file protein21.cif (mmCIF, N, CA, C and O atoms)
data_my_file
#
loop_
_atom_site.label_atom_id
_atom_site.label_comp_id
_atom_site.auth_asym_id
_atom_site.auth_seq_id
_atom_site.Cartn_x
_atom_site.Cartn_y
_atom_site.Cartn_z
N MET A 1 15.77 167.99 226.99
CA MET A 1 15.37 167.01 225.99
C MET A 1 16.58 166.40 225.31
O MET A 1 16.57 165.22 224.98
N ALA A 2 17.62 167.19 225.09
CA ALA A 2 18.82 166.67 224.43
C ALA A 2 19.47 165.58 225.27
O ALA A 2 19.93 164.57 224.73
N GLN A 3 19.51 165.79 226.59
CA GLN A 3 20.11 164.79 227.47
C GLN A 3 19.34 163.47 227.38
O GLN A 3 19.93 162.40 227.32
N GLU A 4 18.02 163.56 227.34
CA GLU A 4 17.19 162.35 227.26
C GLU A 4 17.44 161.62 225.93
O GLU A 4 17.57 160.40 225.91
N LYS A 5 17.50 162.35 224.83
CA LYS A 5 17.73 161.75 223.52
C LYS A 5 19.10 161.08 223.46
O LYS A 5 19.23 159.97 222.92
N GLN A 6 20.12 161.72 224.01
CA GLN A 6 21.47 161.13 224.02
C GLN A 6 21.48 159.85 224.83
O GLN A 6 22.08 158.85 224.42
N PHE A 7 20.81 159.86 225.97
CA PHE A 7 20.75 158.67 226.80
C PHE A 7 19.98 157.56 226.09
O PHE A 7 20.38 156.39 226.11
N GLU A 8 18.89 157.92 225.46
CA GLU A 8 18.09 156.95 224.69
C GLU A 8 18.95 156.28 223.61
O GLU A 8 18.93 155.06 223.46
N ASN A 9 19.71 157.08 222.87
CA ASN A 9 20.57 156.53 221.82
C ASN A 9 21.65 155.62 222.40
O ASN A 9 21.98 154.59 221.81
N LYS A 10 22.17 155.97 223.55
CA LYS A 10 23.18 155.15 224.23
C LYS A 10 22.59 153.78 224.59
O LYS A 10 23.23 152.75 224.40
N ILE A 11 21.38 153.78 225.10
CA ILE A 11 20.70 152.53 225.47
C ILE A 11 20.47 151.67 224.23
O ILE A 11 20.77 150.47 224.22
N LYS A 12 19.92 152.26 223.19
CA LYS A 12 19.62 151.50 221.96
C LYS A 12 20.91 150.91 221.37
O LYS A 12 20.92 149.76 220.95
N ARG A 13 21.97 151.70 221.36
CA ARG A 13 23.25 151.23 220.83
C ARG A 13 23.77 150.04 221.65
O ARG A 13 24.21 149.04 221.10
N TYR A 14 23.67 150.14 222.97
CA TYR A 14 24.14 149.06 223.84
C TYR A 14 23.36 147.77 223.59
O TYR A 14 23.95 146.69 223.52
N ILE A 15 22.06 147.89 223.46
CA ILE A 15 21.21 146.71 223.19
C ILE A 15 21.59 146.08 221.85
O ILE A 15 21.79 144.86 221.75
N LYS A 16 21.70 146.89 220.83
CA LYS A 16 22.02 146.38 219.49
C LYS A 16 23.42 145.77 219.42
O LYS A 16 23.61 144.74 218.76
N GLU A 17 24.38 146.37 220.11
CA GLU A 17 25.76 145.83 220.11
C GLU A 17 25.81 144.44 220.74
O GLU A 17 26.71 143.67 220.45
N ARG A 18 24.86 144.12 221.57
CA ARG A 18 24.81 142.82 222.22
C ARG A 18 23.86 141.85 221.54
O ARG A 18 23.51 140.82 222.09
N GLY A 19 23.43 142.19 220.35
CA GLY A 19 22.59 141.30 219.57
C GLY A 19 21.11 141.39 219.87
O GLY A 19 20.32 140.59 219.37
N GLY A 20 20.71 142.36 220.66
CA GLY A 20 19.29 142.54 220.96
C GLY A 20 18.60 143.34 219.87
O GLY A 20 19.23 143.96 219.03
N TYR A 21 17.30 143.31 219.91
CA TYR A 21 16.46 144.07 218.98
C TYR A 21 15.74 145.14 219.79
O TYR A 21 15.26 144.87 220.89
N CYS A 22 15.68 146.35 219.25
CA CYS A 22 14.93 147.39 219.93
C CYS A 22 14.37 148.39 218.94
O CYS A 22 14.89 148.56 217.84
N VAL A 23 13.28 148.99 219.35
CA VAL A 23 12.65 150.05 218.56
C VAL A 23 12.30 151.20 219.49
O VAL A 23 12.03 151.01 220.68
N LYS A 24 12.33 152.37 218.93
CA LYS A 24 11.87 153.57 219.63
C LYS A 24 10.37 153.66 219.39
O LYS A 24 9.91 153.63 218.25
N TYR A 25 9.62 153.73 220.45
CA TYR A 25 8.16 153.84 220.34
C TYR A 25 7.79 155.31 220.40
O TYR A 25 8.10 156.00 221.37
N PHE A 26 7.20 155.79 219.33
CA PHE A 26 6.77 157.19 219.26
C PHE A 26 5.29 157.28 219.57
O PHE A 26 4.47 156.63 218.94
N GLY A 27 4.97 158.07 220.56
CA GLY A 27 3.57 158.26 220.90
C GLY A 27 2.91 159.26 219.96
O GLY A 27 3.54 160.20 219.49
N CYS A 28 1.67 159.03 219.66
CA CYS A 28 0.88 159.96 218.86
C CYS A 28 -0.59 159.66 219.12
O CYS A 28 -0.92 158.75 219.87
N SER A 29 -1.46 160.37 218.47
CA SER A 29 -2.89 160.19 218.72
C SER A 29 -3.41 158.82 218.27
O SER A 29 -4.49 158.41 218.69
N TYR A 30 -2.64 158.10 217.46
CA TYR A 30 -3.07 156.78 216.97
C TYR A 30 -2.47 155.63 217.77
O TYR A 30 -2.69 154.48 217.47
N ARG A 31 -1.68 155.95 218.77
CA ARG A 31 -1.03 154.91 219.56
C ARG A 31 -1.41 155.04 221.03
O ARG A 31 -1.85 156.07 221.49
N GLU A 32 -1.19 153.96 221.75
CA GLU A 32 -1.55 153.93 223.16
C GLU A 32 -0.63 154.82 223.99
O GLU A 32 0.59 154.68 223.95
N SER A 33 -1.21 155.70 224.75
CA SER A 33 -0.44 156.62 225.60
C SER A 33 0.23 155.87 226.74
O SER A 33 -0.29 154.87 227.23
N GLY A 34 1.39 156.36 227.15
CA GLY A 34 2.09 155.80 228.30
C GLY A 34 3.04 154.67 227.98
O GLY A 34 3.75 154.20 228.87
N THR A 35 3.05 154.19 226.74
CA THR A 35 3.93 153.08 226.37
C THR A 35 5.39 153.55 226.50
O THR A 35 5.73 154.64 226.07
N PRO A 36 6.26 152.71 227.09
CA PRO A 36 7.66 153.10 227.26
C PRO A 36 8.35 153.45 225.94
O PRO A 36 7.96 152.99 224.87
N ASP A 37 9.41 154.27 226.05
CA ASP A 37 10.13 154.79 224.88
C ASP A 37 10.81 153.71 224.05
O ASP A 37 10.83 153.78 222.83
N ILE A 38 11.42 152.74 224.71
CA ILE A 38 12.16 151.69 224.00
C ILE A 38 11.51 150.35 224.30
O ILE A 38 11.30 149.99 225.46
N LEU A 39 11.21 149.62 223.24
CA LEU A 39 10.70 148.25 223.36
C LEU A 39 11.77 147.35 222.76
O LEU A 39 12.21 147.56 221.63
N ALA A 40 12.19 146.34 223.52
CA ALA A 40 13.32 145.51 223.09
C ALA A 40 13.07 144.04 223.36
O ALA A 40 12.27 143.67 224.22
N CYS A 41 13.82 143.22 222.63
CA CYS A 41 13.85 141.79 222.88
C CYS A 41 15.32 141.41 223.00
O CYS A 41 16.12 141.67 222.09
N ILE A 42 15.67 140.83 224.14
CA ILE A 42 17.05 140.43 224.42
C ILE A 42 17.04 138.98 224.86
O ILE A 42 16.45 138.66 225.90
N ASN A 43 17.64 138.12 224.07
CA ASN A 43 17.75 136.71 224.42
C ASN A 43 16.38 136.10 224.71
O ASN A 43 16.23 135.26 225.59
N GLY A 44 15.37 136.56 223.99
CA GLY A 44 14.02 136.04 224.16
C GLY A 44 13.21 136.73 225.24
O GLY A 44 12.04 136.40 225.43
N TYR A 45 13.78 137.68 225.93
CA TYR A 45 13.08 138.42 226.98
C TYR A 45 12.58 139.76 226.46
O TYR A 45 13.29 140.46 225.73
N PHE A 46 11.37 140.12 226.87
CA PHE A 46 10.80 141.41 226.52
C PHE A 46 11.27 142.45 227.53
O PHE A 46 11.15 142.25 228.74
N LEU A 47 11.81 143.56 227.02
CA LEU A 47 12.31 144.64 227.87
C LEU A 47 11.72 145.95 227.38
O LEU A 47 11.77 146.25 226.19
N ALA A 48 11.16 146.72 228.30
CA ALA A 48 10.61 148.04 227.98
C ALA A 48 11.28 149.06 228.88
O ALA A 48 11.43 148.84 230.09
N ILE A 49 11.70 150.18 228.28
CA ILE A 49 12.41 151.20 229.04
C ILE A 49 11.81 152.58 228.77
O ILE A 49 11.73 153.01 227.63
N GLU A 50 11.40 153.22 229.83
CA GLU A 50 10.97 154.62 229.76
C GLU A 50 12.21 155.44 230.08
O GLU A 50 12.77 155.33 231.18
N VAL A 51 12.67 156.21 229.13
CA VAL A 51 13.92 156.97 229.27
C VAL A 51 13.62 158.37 229.79
O VAL A 51 12.74 159.05 229.27
N LYS A 52 14.38 158.78 230.81
CA LYS A 52 14.21 160.11 231.39
C LYS A 52 15.55 160.80 231.52
O LYS A 52 16.57 160.15 231.78
N ALA A 53 15.55 162.12 231.35
CA ALA A 53 16.70 162.93 231.70
C ALA A 53 16.80 162.88 233.23
O ALA A 53 15.83 162.54 233.91
N GLN A 54 17.94 163.24 233.76
CA GLN A 54 18.15 163.12 235.20
C GLN A 54 17.09 163.86 236.01
O GLN A 54 16.72 163.43 237.09
N THR A 55 16.57 164.94 235.49
CA THR A 55 15.57 165.72 236.22
C THR A 55 14.13 165.39 235.82
O THR A 55 13.20 166.00 236.32
N GLY A 56 13.96 164.43 234.92
CA GLY A 56 12.63 164.06 234.45
C GLY A 56 11.87 163.23 235.46
O GLY A 56 12.41 162.76 236.45
N LYS A 57 10.59 163.04 235.18
CA LYS A 57 9.74 162.25 236.07
C LYS A 57 8.73 161.48 235.23
O LYS A 57 8.11 162.04 234.33
N ALA A 58 8.58 160.21 235.53
CA ALA A 58 7.60 159.39 234.83
C ALA A 58 6.19 159.80 235.26
O ALA A 58 5.95 160.09 236.43
N SER A 59 5.28 159.81 234.29
CA SER A 59 3.89 160.13 234.61
C SER A 59 3.22 158.93 235.27
O SER A 59 3.71 157.80 235.21
N ALA A 60 2.08 159.19 235.87
CA ALA A 60 1.31 158.11 236.50
C ALA A 60 0.94 157.04 235.46
O ALA A 60 1.03 155.84 235.74
N LEU A 61 0.55 157.47 234.26
CA LEU A 61 0.19 156.52 233.21
C LEU A 61 1.40 155.69 232.78
O LEU A 61 1.28 154.49 232.55
N GLN A 62 2.55 156.31 232.67
CA GLN A 62 3.76 155.56 232.31
C GLN A 62 4.07 154.50 233.37
O GLN A 62 4.43 153.38 233.04
N MET A 63 3.89 154.83 234.63
CA MET A 63 4.13 153.86 235.70
C MET A 63 3.10 152.73 235.67
O MET A 63 3.44 151.58 235.96
N VAL A 64 1.87 153.03 235.28
CA VAL A 64 0.86 151.98 235.12
C VAL A 64 1.29 151.02 234.02
O VAL A 64 1.21 149.79 234.19
N LYS A 65 1.76 151.53 232.89
CA LYS A 65 2.20 150.67 231.79
C LYS A 65 3.39 149.82 232.20
O LYS A 65 3.46 148.63 231.87
N ILE A 66 4.34 150.40 232.94
CA ILE A 66 5.50 149.65 233.44
C ILE A 66 5.00 148.49 234.32
O ILE A 66 5.43 147.35 234.18
N SER A 67 4.06 148.78 235.19
CA SER A 67 3.49 147.76 236.08
C SER A 67 2.78 146.66 235.29
O SER A 67 2.93 145.47 235.59
N GLU A 68 2.02 147.03 234.27
CA GLU A 68 1.31 146.04 233.46
C GLU A 68 2.29 145.11 232.75
O GLU A 68 2.06 143.89 232.67
N ILE A 69 3.37 145.66 232.23
CA ILE A 69 4.37 144.84 231.54
C ILE A 69 5.02 143.87 232.52
O ILE A 69 5.19 142.68 232.23
N ARG A 70 5.36 144.35 233.70
CA ARG A 70 5.98 143.49 234.71
C ARG A 70 5.02 142.39 235.15
O ARG A 70 5.42 141.23 235.33
N LYS A 71 3.74 142.72 235.32
CA LYS A 71 2.76 141.71 235.70
C LYS A 71 2.60 140.65 234.63
O LYS A 71 2.29 139.49 234.93
N ALA A 72 2.84 141.02 233.36
CA ALA A 72 2.74 140.08 232.26
C ALA A 72 4.00 139.24 232.09
O ALA A 72 4.07 138.39 231.21
N GLY A 73 5.00 139.48 232.94
CA GLY A 73 6.23 138.69 232.88
C GLY A 73 7.38 139.34 232.16
O GLY A 73 8.45 138.76 232.02
N GLY A 74 7.17 140.57 231.67
CA GLY A 74 8.24 141.28 230.99
C GLY A 74 9.09 142.07 231.97
O GLY A 74 8.77 142.16 233.16
N PHE A 75 10.13 142.63 231.47
CA PHE A 75 11.02 143.49 232.25
C PHE A 75 10.76 144.92 231.82
O PHE A 75 10.80 145.22 230.63
N ALA A 76 10.48 145.79 232.76
CA ALA A 76 10.16 147.18 232.42
C ALA A 76 10.71 148.10 233.50
O ALA A 76 10.59 147.81 234.69
N TYR A 77 11.30 149.21 233.03
CA TYR A 77 11.98 150.12 233.94
C TYR A 77 11.85 151.56 233.47
O TYR A 77 11.69 151.82 232.28
N VAL A 78 12.01 152.46 234.42
CA VAL A 78 12.23 153.88 234.13
C VAL A 78 13.71 154.07 234.37
O VAL A 78 14.22 153.78 235.46
N ALA A 79 14.45 154.51 233.34
CA ALA A 79 15.90 154.62 233.46
C ALA A 79 16.36 156.07 233.36
O ALA A 79 15.95 156.80 232.46
N TYR A 80 17.21 156.43 234.31
CA TYR A 80 17.85 157.74 234.35
C TYR A 80 19.34 157.56 234.06
O TYR A 80 19.88 156.49 234.33
N PRO A 81 20.01 158.60 233.55
CA PRO A 81 21.44 158.47 233.29
C PRO A 81 22.24 157.97 234.49
O PRO A 81 23.17 157.18 234.33
N SER A 82 21.86 158.36 235.69
CA SER A 82 22.59 157.90 236.88
C SER A 82 22.38 156.41 237.15
O SER A 82 23.14 155.81 237.91
N GLY A 83 21.37 155.79 236.51
CA GLY A 83 21.11 154.36 236.65
C GLY A 83 21.69 153.53 235.52
O GLY A 83 21.35 152.35 235.37
N TRP A 84 22.56 154.13 234.71
CA TRP A 84 23.11 153.46 233.53
C TRP A 84 23.78 152.13 233.88
O TRP A 84 23.55 151.13 233.21
N ASN A 85 24.59 152.08 234.90
CA ASN A 85 25.28 150.83 235.23
C ASN A 85 24.30 149.74 235.65
O ASN A 85 24.49 148.58 235.30
N LYS A 86 23.26 150.11 236.38
CA LYS A 86 22.23 149.13 236.75
C LYS A 86 21.52 148.60 235.50
O LYS A 86 21.26 147.40 235.39
N LEU A 87 21.21 149.49 234.57
CA LEU A 87 20.54 149.07 233.33
C LEU A 87 21.43 148.15 232.53
O LEU A 87 20.97 147.12 232.01
N LYS A 88 22.71 148.47 232.41
CA LYS A 88 23.65 147.58 231.70
C LYS A 88 23.70 146.21 232.36
O LYS A 88 23.71 145.19 231.66
N ASP A 89 23.70 146.17 233.68
CA ASP A 89 23.71 144.88 234.39
C ASP A 89 22.47 144.07 234.07
O ASP A 89 22.53 142.84 233.91
N ILE A 90 21.32 144.73 233.97
CA ILE A 90 20.07 144.03 233.64
C ILE A 90 20.14 143.48 232.22
O ILE A 90 19.83 142.32 231.98
N ILE A 91 20.57 144.31 231.27
CA ILE A 91 20.68 143.87 229.88
C ILE A 91 21.65 142.69 229.77
O ILE A 91 21.34 141.67 229.16
N ASP A 92 22.81 142.82 230.40
CA ASP A 92 23.79 141.74 230.36
C ASP A 92 23.28 140.49 231.06
O ASP A 92 23.53 139.37 230.62
N GLY A 93 22.52 140.68 232.14
CA GLY A 93 21.93 139.54 232.83
C GLY A 93 20.92 138.80 231.97
O GLY A 93 20.85 137.57 232.00
N LEU A 94 20.15 139.53 231.18
CA LEU A 94 19.21 138.88 230.27
C LEU A 94 19.94 138.05 229.23
O LEU A 94 19.45 137.01 228.80
N LEU A 95 21.11 138.50 228.84
CA LEU A 95 21.90 137.77 227.84
C LEU A 95 22.39 136.42 228.37
O LEU A 95 22.57 135.49 227.61
N ILE A 96 22.59 136.33 229.67
CA ILE A 96 23.09 135.08 230.24
C ILE A 96 22.07 134.44 231.17
O ILE A 96 22.40 133.58 231.98
N ASP A 97 20.83 134.87 231.06
CA ASP A 97 19.73 134.35 231.89
C ASP A 97 19.98 134.55 233.37
O ASP A 97 19.54 133.77 234.19
N LYS A 98 20.70 135.59 233.72
CA LYS A 98 20.93 135.91 235.13
C LYS A 98 20.24 137.24 235.41
O LYS A 98 20.68 138.28 234.93
N PHE A 99 19.16 137.18 236.13
CA PHE A 99 18.40 138.40 236.35
C PHE A 99 17.64 138.32 237.66
O PHE A 99 17.50 137.27 238.24
N ASN A 100 17.17 139.45 238.07
CA ASN A 100 16.38 139.57 239.29
C ASN A 100 15.13 140.35 238.95
O ASN A 100 15.18 141.56 238.79
N ARG A 101 14.01 139.69 238.85
CA ARG A 101 12.75 140.37 238.51
C ARG A 101 12.32 141.34 239.60
O ARG A 101 11.45 142.16 239.39
N GLU A 102 12.92 141.26 240.76
CA GLU A 102 12.55 142.13 241.86
C GLU A 102 13.34 143.43 241.85
O GLU A 102 13.19 144.27 242.73
N GLU A 103 14.21 143.62 240.86
CA GLU A 103 14.99 144.85 240.75
C GLU A 103 14.06 146.04 240.80
O GLU A 103 12.93 146.00 240.32
N ASP A 104 14.53 147.12 241.38
CA ASP A 104 13.74 148.34 241.45
C ASP A 104 13.25 148.74 240.07
O ASP A 104 13.94 148.57 239.08
N VAL A 105 12.06 149.31 240.03
CA VAL A 105 11.47 149.76 238.77
C VAL A 105 12.20 151.00 238.27
O VAL A 105 12.40 151.17 237.07
N VAL A 106 12.62 151.88 239.16
CA VAL A 106 13.29 153.11 238.78
C VAL A 106 14.78 152.93 239.00
O VAL A 106 15.22 152.59 240.10
N LEU A 107 15.56 153.13 237.94
CA LEU A 107 17.01 152.95 238.01
C LEU A 107 17.67 154.32 238.05
O LEU A 107 17.76 155.00 237.05
N ARG A 108 18.11 154.73 239.20
CA ARG A 108 18.78 156.03 239.38
C ARG A 108 20.22 155.83 239.74
O ARG A 108 20.60 154.98 240.44
#

call {"tool": "encode", "arguments": {"input": "protein21.cif", "output": "structure tokens"}}
result
Amino acid sequence: MAQEKQFENKIKRYIKERGGYCVKYFGCSYRESGTPDILACINGYFLAIEVKAQTGKASALQMVKISEIRKAGGFAYVAYPSGWNKLKDIIDGLLIDKFNREEDVVLR
């Protein structure tokens, strides 16, 4: 869990340093299950990130939510620490309107 939290903080810091907005979404009985951990807006683009430790695995419901966001035109990913450089490229691409919506959903 500590590895996941550290990675989550690294992602949030990177987004904020580049002028993006992000919030940590906390799940509870009053909120919709499966919603990604980080919800962000970068250069007008909606970005959702489910953060996992290197050995973690996204649940079926989390993958459904990622798919729904992508179908709605947003950017949504499951990010692992080993996929950090890919995630940075996506964030930076959103800043300059250079992106590939076909990028893999899971960034390892």

call {"tool": "residues_around", "arguments": {"input": "protein21.cif", "residues": "stretch 60-72 of chain A", "least_positions_apart": "2", "cutoff": "7 Å", "atoms": "all atoms listed in the file", "output": "VMD selection string"}}
result
chain A and resid 33 to 36 46 48 57 to 58 74 to 77

call {"tool": "resolve_selection", "arguments": {"input": "protein21.cif", "expression": "the PyMOL selection byres ((chain A and resi 40-42) around 7)", "output": "list of chain:residue names"}}
result
A:Ile15, A:Arg18, A:Gly19, A:Gly20, A:Tyr21, A:Cys22, A:Val23, A:Ile38, A:Leu39, A:Asn43, A:Gly44, A:Tyr45, A:Phe46, A:Leu47, A:Ala48, A:Ile49, A:Phe75, A:Ile91, A:Leu94, A:Leu95

call {"tool": "write_last_selection", "arguments": {"input": "protein21.cif", "atoms": "N, CA, C and O atoms", "output": "compact mmCIF listing (two decimals), in the coordinates of the input"}}
result
# COMPACT_ATOMS: atom_id res chain seq x y z
N ILE A 15 22.06 147.89 223.46
CA ILE A 15 21.21 146.71 223.19
C ILE A 15 21.59 146.08 221.85
O ILE A 15 21.79 144.86 221.75
N ARG A 18 24.86 144.12 221.57
CA ARG A 18 24.81 142.82 222.22
C ARG A 18 23.86 141.85 221.54
O ARG A 18 23.51 140.82 222.09
N GLY A 19 23.43 142.19 220.35
CA GLY A 19 22.59 141.30 219.57
C GLY A 19 21.11 141.39 219.87
O GLY A 19 20.32 140.59 219.37
N GLY A 20 20.71 142.36 220.66
CA GLY A 20 19.29 142.54 220.96
C GLY A 20 18.60 143.34 219.87
O GLY A 20 19.23 143.96 219.03
N TYR A 21 17.30 143.31 219.91
CA TYR A 21 16.46 144.07 218.98
C TYR A 21 15.74 145.14 219.79
O TYR A 21 15.26 144.87 220.89
N CYS A 22 15.68 146.35 219.25
CA CYS A 22 14.93 147.39 219.93
C CYS A 22 14.37 148.39 218.94
O CYS A 22 14.89 148.56 217.84
N VAL A 23 13.28 148.99 219.35
CA VAL A 23 12.65 150.05 218.56
C VAL A 23 12.30 151.20 219.49
O VAL A 23 12.03 151.01 220.68
N ILE A 38 11.42 152.74 224.71
CA ILE A 38 12.16 151.69 224.00
C ILE A 38 11.51 150.35 224.30
O ILE A 38 11.30 149.99 225.46
N LEU A 39 11.21 149.62 223.24
CA LEU A 39 10.70 148.25 223.36
C LEU A 39 11.77 147.35 222.76
O LEU A 39 12.21 147.56 221.63
N ASN A 43 17.64 138.12 224.07
CA ASN A 43 17.75 136.71 224.42
C ASN A 43 16.38 136.10 224.71
O ASN A 43 16.23 135.26 225.59
N GLY A 44 15.37 136.56 223.99
CA GLY A 44 14.02 136.04 224.16
C GLY A 44 13.21 136.73 225.24
O GLY A 44 12.04 136.40 225.43
N TYR A 45 13.78 137.68 225.93
CA TYR A 45 13.08 138.42 226.98
C TYR A 45 12.58 139.76 226.46
O TYR A 45 13.29 140.46 225.73
N PHE A 46 11.37 140.12 226.87
CA PHE A 46 10.80 141.41 226.52
C PHE A 46 11.27 142.45 227.53
O PHE A 46 11.15 142.25 228.74
N LEU A 47 11.81 143.56 227.02
CA LEU A 47 12.31 144.64 227.87
C LEU A 47 11.72 145.95 227.38
O LEU A 47 11.77 146.25 226.19
N ALA A 48 11.16 146.72 228.30
CA ALA A 48 10.61 148.04 227.98
C ALA A 48 11.28 149.06 228.88
O ALA A 48 11.43 148.84 230.09
N ILE A 49 11.70 150.18 228.28
CA ILE A 49 12.41 151.20 229.04
C ILE A 49 11.81 152.58 228.77
O ILE A 49 11.73 153.01 227.63
N PHE A 75 10.13 142.63 231.47
CA PHE A 75 11.02 143.49 232.25
C PHE A 75 10.76 144.92 231.82
O PHE A 75 10.80 145.22 230.63
N ILE A 91 20.57 144.31 231.27
CA ILE A 91 20.68 143.87 229.88
C ILE A 91 21.65 142.69 229.77
O ILE A 91 21.34 141.67 229.16
N LEU A 94 20.15 139.53 231.18
CA LEU A 94 19.21 138.88 230.27
C LEU A 94 19.94 138.05 229.23
O LEU A 94 19.45 137.01 228.80
N LEU A 95 21.11 138.50 228.84
CA LEU A 95 21.90 137.77 227.84
C LEU A 95 22.39 136.42 228.37
O LEU A 95 22.57 135.49 227.61

call {"tool": "atom_distance", "arguments": {"input": "protein21.cif", "atom1": "atom CA of A:Ser82", "atom2": "atom CA of A:Gln54"}}
result
7.1 Å

call {"tool": "closest_residue", "arguments": {"input": "protein21.cif", "among": "A:Cys28, A:Val106, A:Ala79, A:Ile90", "to": "A:Lys52", "atoms": "all atoms listed in the file"}}
result
A:Ala79

call {"tool": "atom_distance", "arguments": {"input": "protein21.cif", "atom1": "atom O of A:Trp84", "atom2": "atom N of A:Phe26"}}
result
21.9 Å

call {"tool": "decode", "arguments": {"input": "protein21.cif", "residues": "stretch 35-103 of chain A", "atoms": "C-alpha atoms", "output": "short mmCIF file (atom, residue, chain, number, x, y, z; two decimals), in the first residue's frame"}}
result
data_model
loop_
_atom_site.label_atom_id
_atom_site.label_comp_id
_atom_site.auth_asym_id
_atom_site.auth_seq_id
_atom_site.Cartn_x
_atom_site.Cartn_y
_atom_site.Cartn_z
CA THR A 35 -14.11 5.22 -9.93
CA PRO A 36 -10.39 5.77 -10.65
CA ASP A 37 -8.14 7.09 -7.86
CA ILE A 38 -7.13 10.36 -9.53
CA LEU A 39 -9.48 12.59 -11.51
CA ALA A 40 -7.71 15.39 -13.37
CA CYS A 41 -8.14 18.13 -15.92
CA ILE A 42 -5.11 18.97 -18.05
CA ASN A 43 -5.34 21.63 -20.75
CA GLY A 44 -9.09 21.06 -20.94
CA TYR A 45 -8.83 17.26 -21.16
CA PHE A 46 -10.36 14.91 -18.62
CA LEU A 47 -7.88 12.35 -17.29
CA ALA A 48 -8.66 9.51 -14.87
CA ILE A 49 -5.96 7.29 -13.39
CA GLU A 50 -6.36 4.11 -11.39
CA VAL A 51 -3.11 3.85 -9.45
CA LYS A 52 -1.64 0.43 -8.67
CA ALA A 53 1.47 -0.84 -6.94
CA GLN A 54 3.61 -2.92 -9.28
CA THR A 55 2.01 -6.14 -8.04
CA GLY A 56 -1.55 -4.76 -7.92
CA LYS A 57 -4.39 -5.61 -10.26
CA ALA A 58 -7.36 -3.56 -11.39
CA SER A 59 -10.75 -5.06 -10.59
CA ALA A 60 -13.29 -5.86 -13.29
CA LEU A 61 -15.41 -2.92 -12.10
CA GLN A 62 -12.44 -0.55 -12.28
CA MET A 63 -11.80 -1.65 -15.86
CA VAL A 64 -15.47 -1.06 -16.71
CA LYS A 65 -15.20 2.52 -15.38
CA ILE A 66 -11.98 3.09 -17.36
CA SER A 67 -13.79 1.87 -20.49
CA GLU A 68 -16.81 4.11 -19.84
CA ILE A 69 -14.59 7.18 -19.46
CA ARG A 70 -12.74 6.39 -22.68
CA LYS A 71 -16.02 5.85 -24.55
CA ALA A 72 -17.14 9.28 -23.33
CA GLY A 73 -14.03 10.86 -24.87
CA GLY A 74 -11.90 11.10 -21.75
CA PHE A 75 -8.47 9.68 -21.12
CA ALA A 76 -8.36 6.88 -18.57
CA TYR A 77 -5.61 4.48 -17.56
CA VAL A 78 -4.44 1.98 -15.00
CA ALA A 79 -0.92 3.12 -14.11
CA TYR A 80 1.86 1.08 -12.54
CA PRO A 81 5.23 2.48 -11.39
CA SER A 82 6.92 0.74 -14.32
CA GLY A 83 4.63 2.74 -16.66
CA TRP A 84 5.66 6.11 -15.20
CA ASN A 85 7.44 7.34 -18.34
CA LYS A 86 4.45 6.44 -20.53
CA LEU A 87 2.12 8.29 -18.14
CA LYS A 88 4.37 11.37 -18.17
CA ASP A 89 4.35 11.30 -21.98
CA ILE A 90 0.53 11.22 -21.97
CA ILE A 91 0.29 14.12 -19.49
CA ASP A 92 2.83 16.16 -21.44
CA GLY A 93 1.05 15.30 -24.69
CA LEU A 94 -2.22 16.63 -23.30
CA LEU A 95 -0.44 19.89 -22.49
CA ILE A 96 0.55 20.36 -26.12
CA ASP A 97 -2.48 18.65 -27.69
CA LYS A 98 -0.29 15.77 -28.86
CA PHE A 99 -1.84 12.51 -27.85
CA ASN A 100 -2.86 9.09 -28.99
CA ARG A 101 -6.27 7.95 -27.77
CA GLU A 102 -5.35 4.43 -28.82
CA GLU A 103 -2.61 4.20 -26.17
#
